[in-house]
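Trainee: Below you'll find structure04.txt; it's compact mmCIF, C-alpha atoms.
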```txt
# COMPACT_ATOMS: atom_id res chain seq x y z
CA MET A 1 137.61 65.46 100.96
CA SER A 2 135.57 62.24 100.97
CA ILE A 3 131.80 62.41 101.29
CA GLU A 4 132.05 60.70 104.72
CA GLU A 5 134.43 63.38 106.00
CA SER A 6 132.22 66.15 104.66
CA ILE A 7 129.12 64.68 106.31
CA ARG A 8 130.89 64.23 109.64
CA MET A 9 132.20 67.82 109.56
CA HIS A 10 128.64 69.17 109.34
CA SER A 11 127.14 69.70 112.79
CA PHE A 12 123.92 67.90 111.84
CA PHE A 13 125.67 64.53 111.53
CA SER A 14 128.76 65.13 113.69
CA ASP A 15 127.77 62.30 116.09
CA ILE A 16 126.59 59.73 113.53
CA SER A 17 127.66 56.08 113.98
CA THR A 18 129.99 54.39 111.50
CA ALA A 19 127.24 52.01 110.33
CA HIS A 20 124.81 54.85 109.65
CA MET A 21 127.54 56.85 107.98
CA SER A 22 128.26 54.18 105.40
CA SER A 23 124.53 53.79 104.56
CA LEU A 24 124.19 57.54 104.28
CA ALA A 25 127.39 58.13 102.33
CA SER A 26 126.40 55.63 99.66
CA HIS A 27 123.36 57.81 98.93
CA ALA A 28 125.06 61.20 99.24
CA GLN A 29 127.05 63.37 96.89
CA HIS A 30 128.88 66.68 96.82
CA LEU A 31 127.15 69.42 94.91
CA THR A 32 128.49 72.82 93.88
CA VAL A 33 126.09 75.45 92.62
CA GLU A 34 127.15 78.79 91.14
CA ALA A 35 125.60 82.00 92.45
CA ASP A 36 122.05 82.90 91.38
CA ASN A 37 120.92 79.39 90.52
CA PHE A 38 117.97 77.48 91.86
CA ILE A 39 118.66 74.35 93.88
CA PHE A 40 114.96 73.55 93.86
CA ARG A 41 111.71 75.29 92.99
CA GLU A 42 108.43 75.56 94.84
CA GLY A 43 106.11 72.61 94.08
CA GLU A 44 108.84 70.28 92.83
CA TYR A 45 109.20 66.82 94.36
CA ALA A 46 111.33 67.01 97.52
CA ASP A 47 113.69 64.19 96.72
CA ALA A 48 116.74 65.32 98.68
CA PHE A 49 117.98 66.64 101.97
CA TYR A 50 120.81 69.19 101.78
CA LEU A 51 123.58 70.14 104.17
CA ILE A 52 125.25 73.45 103.31
CA THR A 53 129.01 73.37 103.75
CA TYR A 54 129.84 76.71 102.14
CA GLY A 55 127.98 79.72 100.73
CA LYS A 56 124.58 81.30 101.17
CA VAL A 57 121.12 80.25 100.00
CA SER A 58 117.89 82.23 100.03
CA LEU A 59 114.49 80.67 100.55
CA GLU A 60 112.07 82.71 98.51
CA LEU A 61 108.68 82.97 96.97
CA SER A 62 107.97 84.35 93.51
CA THR A 63 104.90 86.58 93.45
CA ALA A 64 103.03 88.31 90.69
CA HIS A 65 102.95 91.75 92.33
CA ARG A 66 106.16 91.94 94.32
CA GLY A 67 108.48 89.65 92.35
CA ARG A 68 110.84 87.56 94.44
CA ILE A 69 110.36 87.83 98.19
CA ILE A 70 113.19 86.47 100.28
CA ILE A 71 111.79 84.68 103.32
CA GLN A 72 115.08 83.73 104.92
CA THR A 73 118.74 83.20 104.11
CA ILE A 74 120.73 80.26 105.38
CA GLY A 75 124.41 79.48 105.11
CA GLU A 76 127.36 77.36 106.11
CA ASP A 77 126.55 74.51 108.50
CA ASP A 78 122.80 75.04 108.05
CA VAL A 79 120.33 72.46 106.80
CA LEU A 80 118.37 73.12 103.61
CA GLY A 81 114.97 71.55 103.18
CA ILE A 82 112.58 69.85 105.57
CA SER A 83 109.70 69.07 103.19
CA TRP A 84 111.38 65.79 102.13
CA LEU A 85 110.30 64.35 105.48
CA PHE A 86 106.59 65.10 105.31
CA PRO A 87 104.02 64.01 102.72
CA PRO A 88 103.28 65.09 100.04
CA TYR A 89 107.08 65.69 99.78
CA ARG A 90 106.84 68.93 97.80
CA TRP A 91 109.08 71.99 98.31
CA ARG A 92 107.17 74.95 99.76
CA PHE A 93 109.66 77.60 98.59
CA ASP A 94 112.30 78.22 95.96
CA ALA A 95 115.91 77.78 97.10
CA ARG A 96 118.34 80.03 95.22
CA THR A 97 122.06 80.43 95.74
CA LEU A 98 123.20 83.96 96.58
CA THR A 99 126.88 83.04 96.32
CA LEU A 100 128.76 80.04 95.05
CA THR A 101 127.47 77.32 97.33
CA ARG A 102 128.73 73.87 98.23
CA LEU A 103 126.30 71.32 99.57
CA ILE A 104 125.95 67.67 100.41
CA ARG A 105 122.91 66.18 98.72
CA ILE A 106 121.44 63.15 100.48
CA ASP A 107 118.76 61.05 98.85
CA ALA A 108 115.48 61.68 100.70
CA ALA A 109 114.04 58.21 100.12
CA GLN A 110 117.12 56.64 101.70
CA MET A 111 116.91 59.03 104.68
CA ARG A 112 113.26 58.10 105.22
CA ARG A 113 114.08 54.40 104.88
CA MET A 114 116.86 54.69 107.48
CA CYS A 115 114.56 56.57 109.86
CA ASP A 116 111.84 53.91 109.47
CA GLU A 117 114.19 50.94 109.91
CA ASP A 118 116.15 52.28 112.86
CA ASN A 119 113.95 54.21 115.29
CA ALA A 120 116.87 55.44 117.38
CA PHE A 121 118.45 56.99 114.29
CA GLY A 122 115.05 58.32 113.19
CA TYR A 123 114.46 59.87 116.61
CA LYS A 124 117.84 61.61 116.48
CA VAL A 125 117.18 63.00 113.01
CA ILE A 126 113.67 64.16 113.92
CA SER A 127 114.90 65.75 117.18
CA LYS A 128 117.55 67.73 115.35
CA LEU A 129 115.14 68.82 112.65
CA ALA A 130 112.55 69.73 115.29
CA SER A 131 115.05 72.00 117.04
CA ILE A 132 115.80 73.71 113.70
CA VAL A 133 112.07 74.11 113.03
CA MET A 134 111.59 75.48 116.56
CA ARG A 135 114.33 78.07 116.06
CA ARG A 136 112.78 79.15 112.77
CA LEU A 137 109.31 79.28 114.33
CA GLN A 138 110.62 81.47 117.15
CA ALA A 139 112.24 83.75 114.59
CA VAL A 140 108.91 84.14 112.81
CA ARG A 141 107.17 84.89 116.12
CA LEU A 142 109.77 87.53 116.95
CA GLN A 143 109.30 89.02 113.51
CA LEU A 144 105.53 89.23 114.05
CA LEU A 145 105.90 90.68 117.55
CA GLU A 146 108.39 93.28 116.32
CA MET A 147 106.02 94.29 113.55
CA GLU A 148 103.35 94.97 116.17
CA GLU A 149 105.76 96.91 118.36
CA MET A 150 107.43 99.07 115.74
CA MET B 151 132.29 105.55 133.68
CA GLY B 152 129.88 102.90 134.79
CA ALA B 153 127.32 102.62 137.51
CA GLU B 154 127.47 106.29 138.47
CA ASN B 155 124.74 108.54 137.15
CA TYR B 156 125.47 111.31 134.73
CA ASN B 157 122.61 113.58 135.61
CA CYS B 158 122.29 117.29 136.31
CA ASN B 159 125.55 117.49 138.28
CA ASP B 160 127.54 116.50 135.23
CA CYS B 161 125.52 118.02 132.47
CA ASN B 162 126.64 120.87 130.33
CA SER B 163 124.06 123.42 131.44
CA VAL B 164 123.95 125.18 134.78
CA ASN B 165 120.20 124.88 135.30
CA PRO B 166 119.22 121.35 134.21
CA TYR B 167 115.72 122.50 133.24
CA LEU B 168 117.03 125.20 130.94
CA PRO B 169 118.06 124.16 127.44
CA ARG B 170 121.27 125.48 125.96
CA ILE B 171 120.90 126.84 122.49
CA TYR B 172 123.15 125.41 119.79
CA LYS B 173 123.29 125.74 116.01
CA VAL B 174 122.52 122.94 113.58
CA LYS B 175 125.52 121.98 111.45
CA ARG B 176 123.74 119.52 109.18
CA VAL B 177 120.62 117.36 108.95
CA LYS B 178 121.43 114.15 107.14
CA ARG B 179 118.72 111.85 105.83
CA GLU B 180 119.51 108.27 106.86
CA THR B 181 116.34 106.52 105.64
CA HIS B 182 112.90 107.59 104.41
CA ASP B 183 111.85 108.59 107.96
CA THR B 184 115.06 108.86 109.94
CA PHE B 185 117.48 111.79 110.10
CA THR B 186 120.74 112.52 111.88
CA ILE B 187 120.94 116.04 113.26
CA GLU B 188 124.50 117.27 113.74
CA ILE B 189 124.90 120.17 116.16
CA PHE B 190 127.85 122.47 116.80
CA ALA B 191 128.47 121.90 120.51
CA ASP B 192 132.06 122.79 121.28
CA GLY B 193 133.23 121.20 124.53
CA PHE B 194 130.11 119.08 125.03
CA ARG B 195 131.12 115.95 126.91
CA PHE B 196 129.07 112.76 127.11
CA MET B 197 129.45 109.04 127.58
CA PRO B 198 128.23 106.39 125.10
CA GLY B 199 124.63 105.47 125.87
CA GLN B 200 123.58 108.83 127.32
CA PHE B 201 120.78 110.93 125.91
CA ASN B 202 119.81 114.58 125.55
CA MET B 203 116.47 116.32 125.73
CA LEU B 204 116.14 118.10 122.39
CA TYR B 205 113.90 121.12 122.25
CA ALA B 206 112.22 122.30 119.07
CA LEU B 207 109.57 125.03 119.11
CA VAL B 208 106.70 122.59 119.60
CA GLY B 209 108.18 120.65 122.52
CA GLU B 210 110.95 118.49 123.86
CA VAL B 211 111.91 114.84 123.33
CA PRO B 212 114.59 112.52 124.71
CA ILE B 213 117.02 111.41 121.98
CA SER B 214 120.14 109.27 122.39
CA ILE B 215 123.43 110.81 121.38
CA SER B 216 124.72 108.94 118.35
CA SER B 217 128.09 110.57 117.64
CA ASP B 218 131.69 109.88 118.58
CA PRO B 219 132.25 110.81 122.24
CA ALA B 220 135.83 111.80 121.40
CA ASP B 221 134.75 114.43 118.86
CA GLY B 222 134.25 117.29 121.31
CA LYS B 223 132.98 119.75 118.71
CA VAL B 224 129.91 118.22 117.11
CA ILE B 225 127.24 115.97 118.61
CA SER B 226 124.71 113.99 116.61
CA HIS B 227 121.24 112.66 117.32
CA THR B 228 119.49 110.21 115.03
CA VAL B 229 115.76 110.89 115.06
CA ARG B 230 112.83 109.00 113.56
CA ARG B 231 110.05 111.31 112.36
CA VAL B 232 107.00 110.00 114.22
CA GLY B 233 105.31 112.98 115.92
CA HIS B 234 105.12 116.78 116.09
CA VAL B 235 108.42 117.36 117.88
CA THR B 236 110.45 114.86 115.88
CA THR B 237 108.94 116.23 112.66
CA ALA B 238 110.00 119.73 113.76
CA LEU B 239 113.50 118.46 114.58
CA CYS B 240 113.86 116.69 111.24
CA SER B 241 112.76 119.87 109.45
CA LEU B 242 115.54 122.00 110.93
CA ASN B 243 117.92 123.66 108.50
CA VAL B 244 121.63 124.36 108.61
CA GLY B 245 122.17 127.22 111.10
CA SER B 246 118.79 126.74 112.84
CA SER B 247 118.75 126.98 116.62
CA ILE B 248 118.05 123.93 118.74
CA GLY B 249 117.67 123.58 122.49
CA VAL B 250 119.64 120.86 124.24
CA ARG B 251 119.44 119.68 127.85
CA GLY B 252 121.83 116.99 128.94
CA PRO B 253 123.57 114.69 128.79
CA PHE B 254 121.46 112.49 131.03
CA GLY B 255 121.32 108.89 132.16
CA ASN B 256 123.60 105.98 132.80
CA PRO B 257 126.04 105.18 130.01
CA TRP B 258 127.03 101.74 128.71
CA PRO B 259 129.42 100.40 131.41
CA ILE B 260 132.15 99.80 128.89
CA ARG B 261 135.25 100.44 130.99
CA GLU B 262 134.21 97.67 133.37
CA GLN B 263 134.29 95.25 130.43
CA GLU B 264 137.96 95.83 129.51
CA GLY B 265 139.60 92.53 128.60
CA ASN B 266 136.27 90.96 127.65
CA ASP B 267 134.89 89.96 124.28
CA VAL B 268 132.06 92.33 123.39
CA VAL B 269 128.85 91.53 121.51
CA ILE B 270 126.72 94.44 120.32
CA VAL B 271 123.22 93.67 119.10
CA ALA B 272 121.08 96.39 117.55
CA GLY B 273 117.60 96.38 116.10
CA GLY B 274 116.39 99.21 113.86
CA LEU B 275 116.96 102.65 115.37
CA GLY B 276 118.63 100.89 118.31
CA LEU B 277 121.92 101.20 116.45
CA ALA B 278 121.95 104.95 117.23
CA PRO B 279 122.69 104.75 121.00
CA LEU B 280 125.18 101.97 120.29
CA ARG B 281 127.17 103.93 117.70
CA PRO B 282 129.11 106.00 120.29
CA LEU B 283 129.96 102.73 122.02
CA ILE B 284 131.32 101.30 118.75
CA TYR B 285 133.40 104.44 118.19
CA TYR B 286 134.74 104.15 121.72
CA LEU B 287 135.60 100.45 121.35
CA LEU B 288 137.37 100.99 118.04
CA SER B 289 139.35 103.92 119.51
CA ASN B 290 140.39 101.71 122.41
CA ARG B 291 140.61 98.51 120.40
CA GLY B 292 143.57 97.04 122.26
CA LYS B 293 141.69 96.95 125.55
CA TYR B 294 139.05 94.48 124.40
CA GLY B 295 138.91 90.97 123.01
CA ARG B 296 136.83 90.05 119.99
CA ILE B 297 134.07 92.48 119.01
CA PHE B 298 130.89 91.45 117.22
CA LEU B 299 128.23 93.76 115.85
CA LEU B 300 124.92 92.13 114.91
CA TYR B 301 122.43 94.51 113.33
CA GLY B 302 118.89 93.84 112.18
CA ALA B 303 116.69 96.20 110.21
CA LYS B 304 113.19 95.78 108.78
CA THR B 305 114.21 96.06 105.12
CA PRO B 306 117.40 97.04 103.25
CA LYS B 307 116.00 100.58 102.94
CA ASP B 308 115.80 100.88 106.74
CA ILE B 309 119.48 100.19 107.37
CA LEU B 310 121.12 103.08 109.23
CA TYR B 311 124.70 104.35 108.80
CA LYS B 312 125.35 102.32 105.64
CA ASN B 313 128.72 103.95 104.98
CA GLU B 314 129.97 103.30 108.46
CA LEU B 315 128.74 99.70 108.43
CA SER B 316 130.72 99.19 105.22
CA ARG B 317 133.81 100.75 106.79
CA TRP B 318 133.50 98.63 109.92
CA LYS B 319 132.95 95.50 107.83
CA ALA B 320 136.18 96.22 105.98
CA ARG B 321 138.16 96.22 109.23
CA PHE B 322 139.73 93.03 110.49
CA ASP B 323 139.20 93.77 114.16
CA ILE B 324 135.40 93.75 114.33
CA ASP B 325 132.96 91.16 112.97
CA VAL B 326 129.92 92.88 111.50
CA TYR B 327 126.78 91.00 110.46
CA VAL B 328 123.69 92.68 109.08
CA THR B 329 120.32 91.10 108.47
CA VAL B 330 116.90 92.34 107.38
CA ASP B 331 113.47 90.96 108.21
CA ARG B 332 112.35 90.99 104.61
CA ALA B 333 113.79 91.75 101.21
CA ASP B 334 113.24 91.34 97.53
CA GLY B 335 115.50 89.56 95.06
CA ARG B 336 117.88 92.52 94.71
CA TRP B 337 119.21 92.06 98.24
CA HIS B 338 122.18 89.71 98.56
CA GLY B 339 122.65 89.92 102.31
CA ASN B 340 121.11 87.97 105.17
CA VAL B 341 117.35 87.72 105.66
CA GLY B 342 116.02 86.74 109.07
CA VAL B 343 115.60 88.27 112.50
CA VAL B 344 118.67 89.47 114.36
CA THR B 345 118.65 86.43 116.66
CA SER B 346 119.47 84.29 113.60
CA LEU B 347 122.92 85.92 113.64
CA ILE B 348 123.72 84.85 117.20
CA PRO B 349 125.12 81.40 116.20
CA ARG B 350 127.93 83.31 114.45
CA VAL B 351 129.13 84.71 117.76
CA HIS B 352 132.12 82.79 119.05
CA THR B 353 133.42 84.32 122.24
CA ASP B 354 135.05 83.32 125.48
CA LEU B 355 131.81 82.94 127.45
CA MET B 356 133.52 83.44 130.81
CA HIS B 357 134.74 86.82 129.61
CA SER B 358 132.00 88.16 127.37
CA SER B 359 129.69 91.13 127.65
CA ALA B 360 126.72 92.08 125.53
CA PHE B 361 125.11 95.44 124.78
CA ILE B 362 121.65 95.38 123.24
CA CYS B 363 119.33 98.09 121.99
CA GLY B 364 116.16 97.78 119.95
CA PRO B 365 112.47 97.02 120.38
CA GLU B 366 111.82 95.60 123.85
CA VAL B 367 110.62 92.23 122.59
CA MET B 368 113.74 91.91 120.42
CA MET B 369 115.98 92.69 123.42
CA ARG B 370 114.25 89.95 125.43
CA PHE B 371 114.69 87.37 122.66
CA VAL B 372 118.34 88.33 122.14
CA ALA B 373 119.13 88.27 125.87
CA ARG B 374 117.48 84.86 126.18
CA GLU B 375 119.50 83.48 123.26
CA LEU B 376 122.73 84.84 124.72
CA ILE B 377 121.95 83.33 128.13
CA ASN B 378 121.22 79.98 126.41
CA LEU B 379 124.62 80.30 124.78
CA GLY B 380 126.22 80.72 128.22
CA PHE B 381 126.40 84.48 128.74
CA ASN B 382 126.12 85.76 132.31
CA ASP B 383 122.93 87.87 132.57
CA GLU B 384 124.76 90.39 134.74
CA ARG B 385 127.02 91.17 131.81
CA ILE B 386 124.16 91.70 129.38
CA PHE B 387 123.13 95.35 129.20
CA ILE B 388 120.07 96.81 127.51
CA SER B 389 119.02 100.37 126.79
CA MET B 390 115.42 101.04 127.75
CA GLU B 391 113.06 103.59 126.29
CA ARG B 392 110.25 105.24 128.22
CA ASN B 393 108.40 108.53 128.10
CA MET B 394 111.03 110.76 129.70
CA LYS B 395 110.05 114.32 130.62
CA CYS B 396 112.19 115.95 133.31
CA ALA B 397 115.18 113.63 132.70
CA LEU B 398 116.16 114.15 136.33
CA GLY B 399 114.27 111.33 138.05
CA ILE B 400 111.71 113.67 139.58
CA CYS B 401 108.53 113.72 137.49
CA GLY B 402 108.02 109.95 137.37
CA HIS B 403 106.90 109.77 133.73
CA CYS B 404 109.55 107.19 132.93
CA GLN B 405 109.12 105.04 136.01
CA PHE B 406 109.74 101.35 135.28
CA GLY B 407 109.07 99.35 138.45
CA PRO B 408 111.52 100.71 141.01
CA GLU B 409 113.66 102.37 138.33
CA PHE B 410 113.50 105.78 136.73
CA ILE B 411 114.72 105.17 133.20
CA CYS B 412 116.04 108.72 132.82
CA LYS B 413 118.21 108.51 135.92
CA ASP B 414 118.81 104.80 136.69
CA GLY B 415 118.81 103.95 132.98
CA PRO B 416 118.50 104.12 130.09
CA VAL B 417 121.24 101.47 130.28
CA LEU B 418 120.46 98.72 132.77
CA SER B 419 121.78 95.22 133.29
CA TYR B 420 119.40 92.57 132.00
CA SER B 421 119.51 90.74 135.33
CA ARG B 422 118.09 93.86 136.99
CA VAL B 423 115.07 94.28 134.74
CA ALA B 424 114.39 90.87 133.17
CA ARG B 425 111.45 90.16 135.50
CA LEU B 426 109.87 93.58 134.89
CA LEU B 427 109.95 93.19 131.12
CA SER B 428 107.19 90.59 131.23
CA ILE B 429 104.80 92.49 133.51
CA LYS B 430 101.97 94.27 131.74
CA GLU B 431 102.02 98.08 131.80
CA VAL B 432 105.08 98.41 134.06
```
Reformat the file's structure so that it appears as structure tokens.
Mentor:
Amino acid sequence: MSIEESIRMHSFFSDISTAHMSSLASHAQHLTVEADNFIFREGEYADAFYLITYGKVSLELSTAHRGRIIIQTIGEDDVLGISWLFPPYRWRFDARTLTLTRLIRIDAAQMRRMCDEDNAFGYKVISKLASIVMRRLQAVRLQLLEMEEM
Amino acid sequence: MGAENYNCNDCNSVNPYLPRIYKVKRVKRETHDTFTIEIFADGFRFMPGQFNMLYALVGEVPISISSDPADGKVISHTVRRVGHVTTALCSLNVGSSIGVRGPFGNPWPIREQEGNDVVIVAGGLGLAPLRPLIYYLLSNRGKYGRIFLLYGAKTPKDILYKNELSRWKARFDIDVYVTVDRADGRWHGNVGVVTSLIPRVHTDLMHSSAFICGPEVMMRFVARELINLGFNDERIFISMERNMKCALGICGHCQFGPEFICKDGPVLSYSRVARLLSIKEV
């Protein structure tokens, strides 16, 4: 499958225009990562935006006392990584594959450039990311409320 | 089964205030603080979603029935050890006597949903009152469309009925997804709240029903997500928990707005109680 087809099959970019697709595709690549490997580590430079097309990834934090703590798992058709959009562009968590995982890796600098140059495209990207962030924020709130209730 | 109440007229004892004495078959530890008490109760009939008042020497508590309604010989109750009575119940031995009043309350209206896709969402101990429903659905599999079970627990150690979840996962006629709120690196399953599993539900929205049980705030979030997805709130059912005493709708301990949870519930349609869920101290 071509990189264009893979990008269009992911719900995040299902409605992207042909012009944007060609700019994006030229800075994107398929990536396959075996189970139990890190895609990125906390503190590293956030130089890519990932779309998961297959598999499962855990976002986690390594701690001295409790070892690895899994914050959240994400999977097929999810988006991995938001820190590439906000300075200082550093990953806040480790991302580790739980199964064999296939992703599309898009260059973060190119994404930011496209967002800056075309505000309509940028607005669409930010809106979609904001809705993902909102869902994750609501999940955290539910988690906190449940902890109080239980 | 359905809207009709299964109260004292249908229960297995003549005087609804008087417990029947049964013998404990087995007490099975499910998690560090949760136990399933199996009781020899030949001929005991109940509907999925109903509860019994269980009497140990120090008092009585309402506990949902968690076994297969088709069994007819043994009934189970899954109990979390949180107070004097539940501690006494969890300490029972094989052959101990236990008092049972019931069954009480409105069951899950499952027969009315025949032909529909069914989504079951459980949080924590909320899987217990849903287990009889799952048994029923799987015994009558041909009468329903797709079936989804979404289950969320606090940690991997808090997951109930692990063997059964594995068995159900291995079947091709029910989609089972389990998630935990937090885990360490040894866990390879999903991490996130139970609502994070809802995007995996693909049903015919015009013909879908949902059954939810768990902490009240979780049930509200789940119901809201399902409504956003296109579910009809009249076909979303929740099981409520309140401080039930008489279990006959007389004493008023479990009053929830105009409803008595013991008699009108514990299963209620979300459309009927959604407004009440956000009112303080109702």
Trainee: Give the answer as one residue: which of B:His357, B:His338, B:Arg374, B:Lys304 has the shortest atom-to-atom distance to Arg96 of chain A, using all atoms listed in the file?
Mentor: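 Ranking B:His357, B:His338, B:Arg374, B:Lys304 by distance to Arg96 of chain A, first place goes to B:His338.
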Trainee: Just checking: using only C-alpha atoms, which residue out of B:Ser316, B:Ser428, B:Gln263, B:Thr305 ends up closest to Asn290 of chain B?
Mentor: B:Gln263
Trainee: Considering all atoms listed in the file, return as an NGL selection string whatever protein or nucleic-acid residues lie within 12 Å of Ser26 of chain A, sequence-local ones (same chain, fewer than 5 positions apart) excluded.
Mentor: :A and (2-4 or 7 or 19-21 or 105-107 or 110-111)
Trainee: For the residues in the current selection, export C-alpha atoms as a compact mmCIF listing (two decimals), in the frame of the given file.
Mentor:
```txt
# COMPACT_ATOMS: atom_id res chain seq x y z
CA SER A 2 135.57 62.24 100.97
CA ILE A 3 131.80 62.41 101.29
CA GLU A 4 132.05 60.70 104.72
CA ILE A 7 129.12 64.68 106.31
CA ALA A 19 127.24 52.01 110.33
CA HIS A 20 124.81 54.85 109.65
CA MET A 21 127.54 56.85 107.98
CA ARG A 105 122.91 66.18 98.72
CA ILE A 106 121.44 63.15 100.48
CA ASP A 107 118.76 61.05 98.85
CA GLN A 110 117.12 56.64 101.70
CA MET A 111 116.91 59.03 104.68
```
Trainee: For chain A, which of B:Asp325, B:Asp354, B:Glu314, B:Glu375 is the closest residue, counting all atoms listed in the file?
Mentor: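 Checking each of B:Asp325, B:Asp354, B:Glu314, B:Glu375 against chain A, counting all atoms listed in the file, the winner is B:Glu375.
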Trainee: Neighbours of segment 171-178 of chain B within 6 Å (all atoms listed in the file; same-chain residues fewer than 3 positions away dropped), as a PyMOL selection string?
Mentor: chain B and resi 185-190+244-249
Trainee: Got time to write the residues from that selection, C-alpha atoms, as a PDB file, in the frame of the given file?
Mentor:
```
ATOM      1  CA  PHE B 185     117.480 111.790 110.100  1.00  0.00           C
ATOM      2  CA  THR B 186     120.740 112.520 111.880  1.00  0.00           C
ATOM      3  CA  ILE B 187     120.940 116.040 113.260  1.00  0.00           C
ATOM      4  CA  GLU B 188     124.500 117.270 113.740  1.00  0.00           C
ATOM      5  CA  ILE B 189     124.900 120.170 116.160  1.00  0.00           C
ATOM      6  CA  PHE B 190     127.850 122.470 116.800  1.00  0.00           C
ATOM      7  CA  VAL B 244     121.630 124.360 108.610  1.00  0.00           C
ATOM      8  CA  GLY B 245     122.170 127.220 111.100  1.00  0.00           C
ATOM      9  CA  SER B 246     118.790 126.740 112.840  1.00  0.00           C
ATOM     10  CA  SER B 247     118.750 126.980 116.620  1.00  0.00           C
ATOM     11  CA  ILE B 248     118.050 123.930 118.740  1.00  0.00           C
ATOM     12  CA  GLY B 249     117.670 123.580 122.490  1.00  0.00           C
TER      13      GLY B 249
END
```
Trainee: Separation of atom CA of Trp318 of chain B and atom CA of Tyr54 of chain A, in Å?
Mentor: 23.5 Å
Trainee: What are the residues of chain A that have an atom within 8 Å of an atom of chain B, counting all atoms listed in the file, as a list in words?
Mentor: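 That gives the following set of residues: Ser58, Arg66, Gly67, Arg68, Ile69, Ile70, Ile71, Gln72, Thr73, Ile74, Leu98, Ala139, Val140, Leu142, Gln143, Leu145, Glu146, Glu149 and Met150 of chain A.
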Trainee: Take the residues from that selection and put them in a file with C-alpha atoms, as a CSV table (one decimal), in the coordinates of the input.
Mentor:
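This is the output file part17.csv:
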```
chain,number,residue,atom,x,y,z
A,58,SER,CA,117.9,82.2,100.0
A,66,ARG,CA,106.2,91.9,94.3
A,67,GLY,CA,108.5,89.6,92.4
A,68,ARG,CA,110.8,87.6,94.4
A,69,ILE,CA,110.4,87.8,98.2
A,70,ILE,CA,113.2,86.5,100.3
A,71,ILE,CA,111.8,84.7,103.3
A,72,GLN,CA,115.1,83.7,104.9
A,73,THR,CA,118.7,83.2,104.1
A,74,ILE,CA,120.7,80.3,105.4
A,98,LEU,CA,123.2,84.0,96.6
A,139,ALA,CA,112.2,83.8,114.6
A,140,VAL,CA,108.9,84.1,112.8
A,142,LEU,CA,109.8,87.5,117.0
A,143,GLN,CA,109.3,89.0,113.5
A,145,LEU,CA,105.9,90.7,117.6
A,146,GLU,CA,108.4,93.3,116.3
A,149,GLU,CA,105.8,96.9,118.4
A,150,MET,CA,107.4,99.1,115.7
```
Trainee: Quick one: residues within 10 Å of Tyr327 of chain B, only C-alpha atoms counted, chain neighbours fewer than 4 positions away excluded, as a list in words?
Mentor: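 Neighbouring residues, sequence-local ones excluded: Val271, Phe298, Leu299, Leu300, Tyr301, Gly302, Leu315, Lys319, Gly339, Asn340, Val344, Leu347, Ile348, Arg350 and Val351 of chain B.
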Trainee: Mind giving me the straight-line distance from atom CA of Gly295 of chain B to atom CA of Ile270 of chain B in Å, one decimal?
Mentor: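 Here the two named atoms are 13.0 Å from each other.
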Trainee: What is the atom CA of Pro279 of chain B-atom CA of Arg135 of chain A distance in Å, reported with one decimal?
Mentor: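 Between atom CA of Pro279 of chain B and atom CA of Arg135 of chain A the gap works out to 28.4 Å.
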Trainee: Using all atoms listed in the file, which of A:Trp84, A:Phe93, A:Tyr123, A:Phe13 sits nearest Ala25 of chain A?
Mentor: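 Using all atoms listed in the file, Ala25 of chain A sits closest to A:Phe13.
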Trainee: Residues within 9 Å of segment 388-405 of chain B, please, as a PyMOL selection string. Count all atoms listed in the file; anything in the same chain fewer than 4 positions from it doesn't count.
Mentor: chain B and resi 157-158+166-167+199+202-203+210-212+251-252+254-255+258+276+279+360-366+369+373+409-420+432
Trainee: So, with only C-alpha atoms as the atoms that count, which of A:Ile126, A:Leu24, A:Val133, A:Leu80 lies closest to Asp94 of chain A?
Mentor: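 Of the candidates, the smallest distance to Asp94 of chain A is held by A:Leu80.
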Trainee: Leaving out segment 41-53 of chain A and any residue of its chain fewer than 2 positions from it, which residues lie within 9 Å of it when counting only C-alpha atoms, given as a PyMOL selection string?
Mentor: chain A and resi 6-7+9-10+12+38-39+55-57+60-62+74-85+88-96+101-109+111
Trainee: Using only C-alpha atoms and a cutoff of 12 Å, can you tell me which residues are near (134.0, 98.1, 122.4) in the file's coordinates, and write them out as a PyMOL selection string?
Mentor: chain B and resi 198+258-270+280-299+323-325+358-361
Trainee: Check the smallest atom-to-atom distance from each of B:Arg425, B:Lys223, B:His182, B:Arg317 to Cys240 of chain B using all atoms listed in the file, then report the winner.
Mentor: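 Once distances to Cys240 of chain B are computed over all atoms listed in the file, the minimum belongs to B:His182.
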Trainee: Complete segment 247-251 of chain B with N, CA and C atoms (output as a PDB file, in the frame of the given file).
Mentor:
```pdb
ATOM      1  N   SER B 247     118.468 127.153 115.192  1.00  0.00           N
ATOM      2  CA  SER B 247     118.750 126.980 116.620  1.00  0.00           C
ATOM      3  C   SER B 247     118.025 125.752 117.142  1.00  0.00           C
ATOM      4  N   ILE B 248     118.653 125.102 118.115  1.00  0.00           N
ATOM      5  CA  ILE B 248     118.050 123.930 118.740  1.00  0.00           C
ATOM      6  C   ILE B 248     118.406 123.939 120.221  1.00  0.00           C
ATOM      7  N   GLY B 249     117.419 123.616 121.053  1.00  0.00           N
ATOM      8  CA  GLY B 249     117.670 123.580 122.490  1.00  0.00           C
ATOM      9  C   GLY B 249     118.104 122.191 122.920  1.00  0.00           C
ATOM     10  N   VAL B 250     119.107 122.162 123.782  1.00  0.00           N
ATOM     11  CA  VAL B 250     119.640 120.860 124.240  1.00  0.00           C
ATOM     12  C   VAL B 250     119.770 120.885 125.758  1.00  0.00           C
ATOM     13  N   ARG B 251     119.171 119.901 126.431  1.00  0.00           N
ATOM     14  CA  ARG B 251     119.440 119.680 127.850  1.00  0.00           C
ATOM     15  C   ARG B 251     120.119 118.327 127.981  1.00  0.00           C
TER      16      ARG B 251
END
```
